[in-house]
Amino acid sequence: MDKKYKWYKIADSESELHFGPNNLLETEAGGKRICIAKGEHLYACAARCPHAGGIIADGFLNDSNIITCPLHRYKFSLENGRNTSGEGYYLKTYPVKTTEEGVFVGIEDKGLLSWLK
Ligand code: FES
């Protein structure tokens with residue numbers, strides 16, 4: 001099914017995103033705390049780990065776009081949120097797009113009116 005997204009601007013350009021040395025940062029989009037990762041592309045995911053609330057932006061990103069939570073070191077794919085270390089959790093991911101107007105994170109539009117369109 002085609003998901004509808006509402007796009008929230010997080011920066012005027014990619015160069016305005018101030019990543020830490022681990023290529024991760026935490027920001028806000030659409031009222032949600034979001035972690036932005038600079039891997040092969042820009043990725044966005046929930047700021048807190050689904051296991052026990054670890055701060056994902058304090059984690060580690062590898063060359064395969066796998067993020068490791070700093071608390072118990074569970075690993076998640078930023079491509080699809082899959083828990084690649086096998087504990088059975090799912091990290092919420094969000095689409096990111098960069099246009100001339102800025103960098104945007106897409107949050108699924110579950111508003112009351114979304115099903116009327
Ligand atoms: S809180 Fe992230 S692995 Fe436990």
# chains A, B, ... in the order shown; residues from 1 in each chain; ligands from 1
>>> residues_around(residues="region 56-72 of chain A", least_positions_apart="5", cutoff="10 Å", atoms="only C-alpha atoms", output="PyMOL selection string")
chain A and resi 19-27+34-43+45-51+77-79+81-85+91
>>> residues_around(residues="Glu16 (chain A)", least_positions_apart="4", cutoff="10 Å", atoms="only C-alpha atoms", output="list in words")
Ile10, Ala11, Asp12, Gly102 and Val103 of chain A
>>> write_last_selection(atoms="C-alpha atoms", output="PDB file, in the first residue's frame")
ATOM      1  CA  ILE A  10      15.171  19.593   9.379  1.00  0.00           C
ATOM      2  CA  ALA A  11      17.793  21.842   7.714  1.00  0.00           C
ATOM      3  CA  ASP A  12      18.256  24.250   4.816  1.00  0.00           C
ATOM      4  CA  GLY A 102      16.328  21.757   2.219  1.00  0.00           C
ATOM      5  CA  VAL A 103      16.516  18.387   3.925  1.00  0.00           C
TER       6      VAL A 103
END
>>> atom_distance(atom1="CA of Lys32 (chain A)", atom2="CA of Ala44 (chain A)")
11.4 Å
>>> select_by_dssp(residues="region 13-103 of chain A", states="strand (DSSP E or B)", output="ChimeraX atom specification")
/A:24-29,32-38,42-46,48,55,60-61,66-68,75-77,82-83,90,93-94,96-99,102-103
>>> closest_residue(among="A:Tyr74, A:Pro95, A:Ile55, A:Glu101", to="Lys4 (chain A)", atoms="only C-alpha atoms")
A:Pro95
>>> residues_around(residues="Lys6 (chain A)", least_positions_apart="6", cutoff="7 Å", atoms="only C-alpha atoms", output="VMD selection string")
chain A and resid 106 to 109
>>> closest_residue(among="A:Gly30, A:Gly53, A:Lys75, A:Glu100", to="Gly88 (chain A)", atoms="only C-alpha atoms")
A:Lys75
>>> atom_distance(atom1="atom 1 (S, counted along the ligand's line) of ligand 1", atom2="CA of Arg73 (chain A)")
7.7 Å
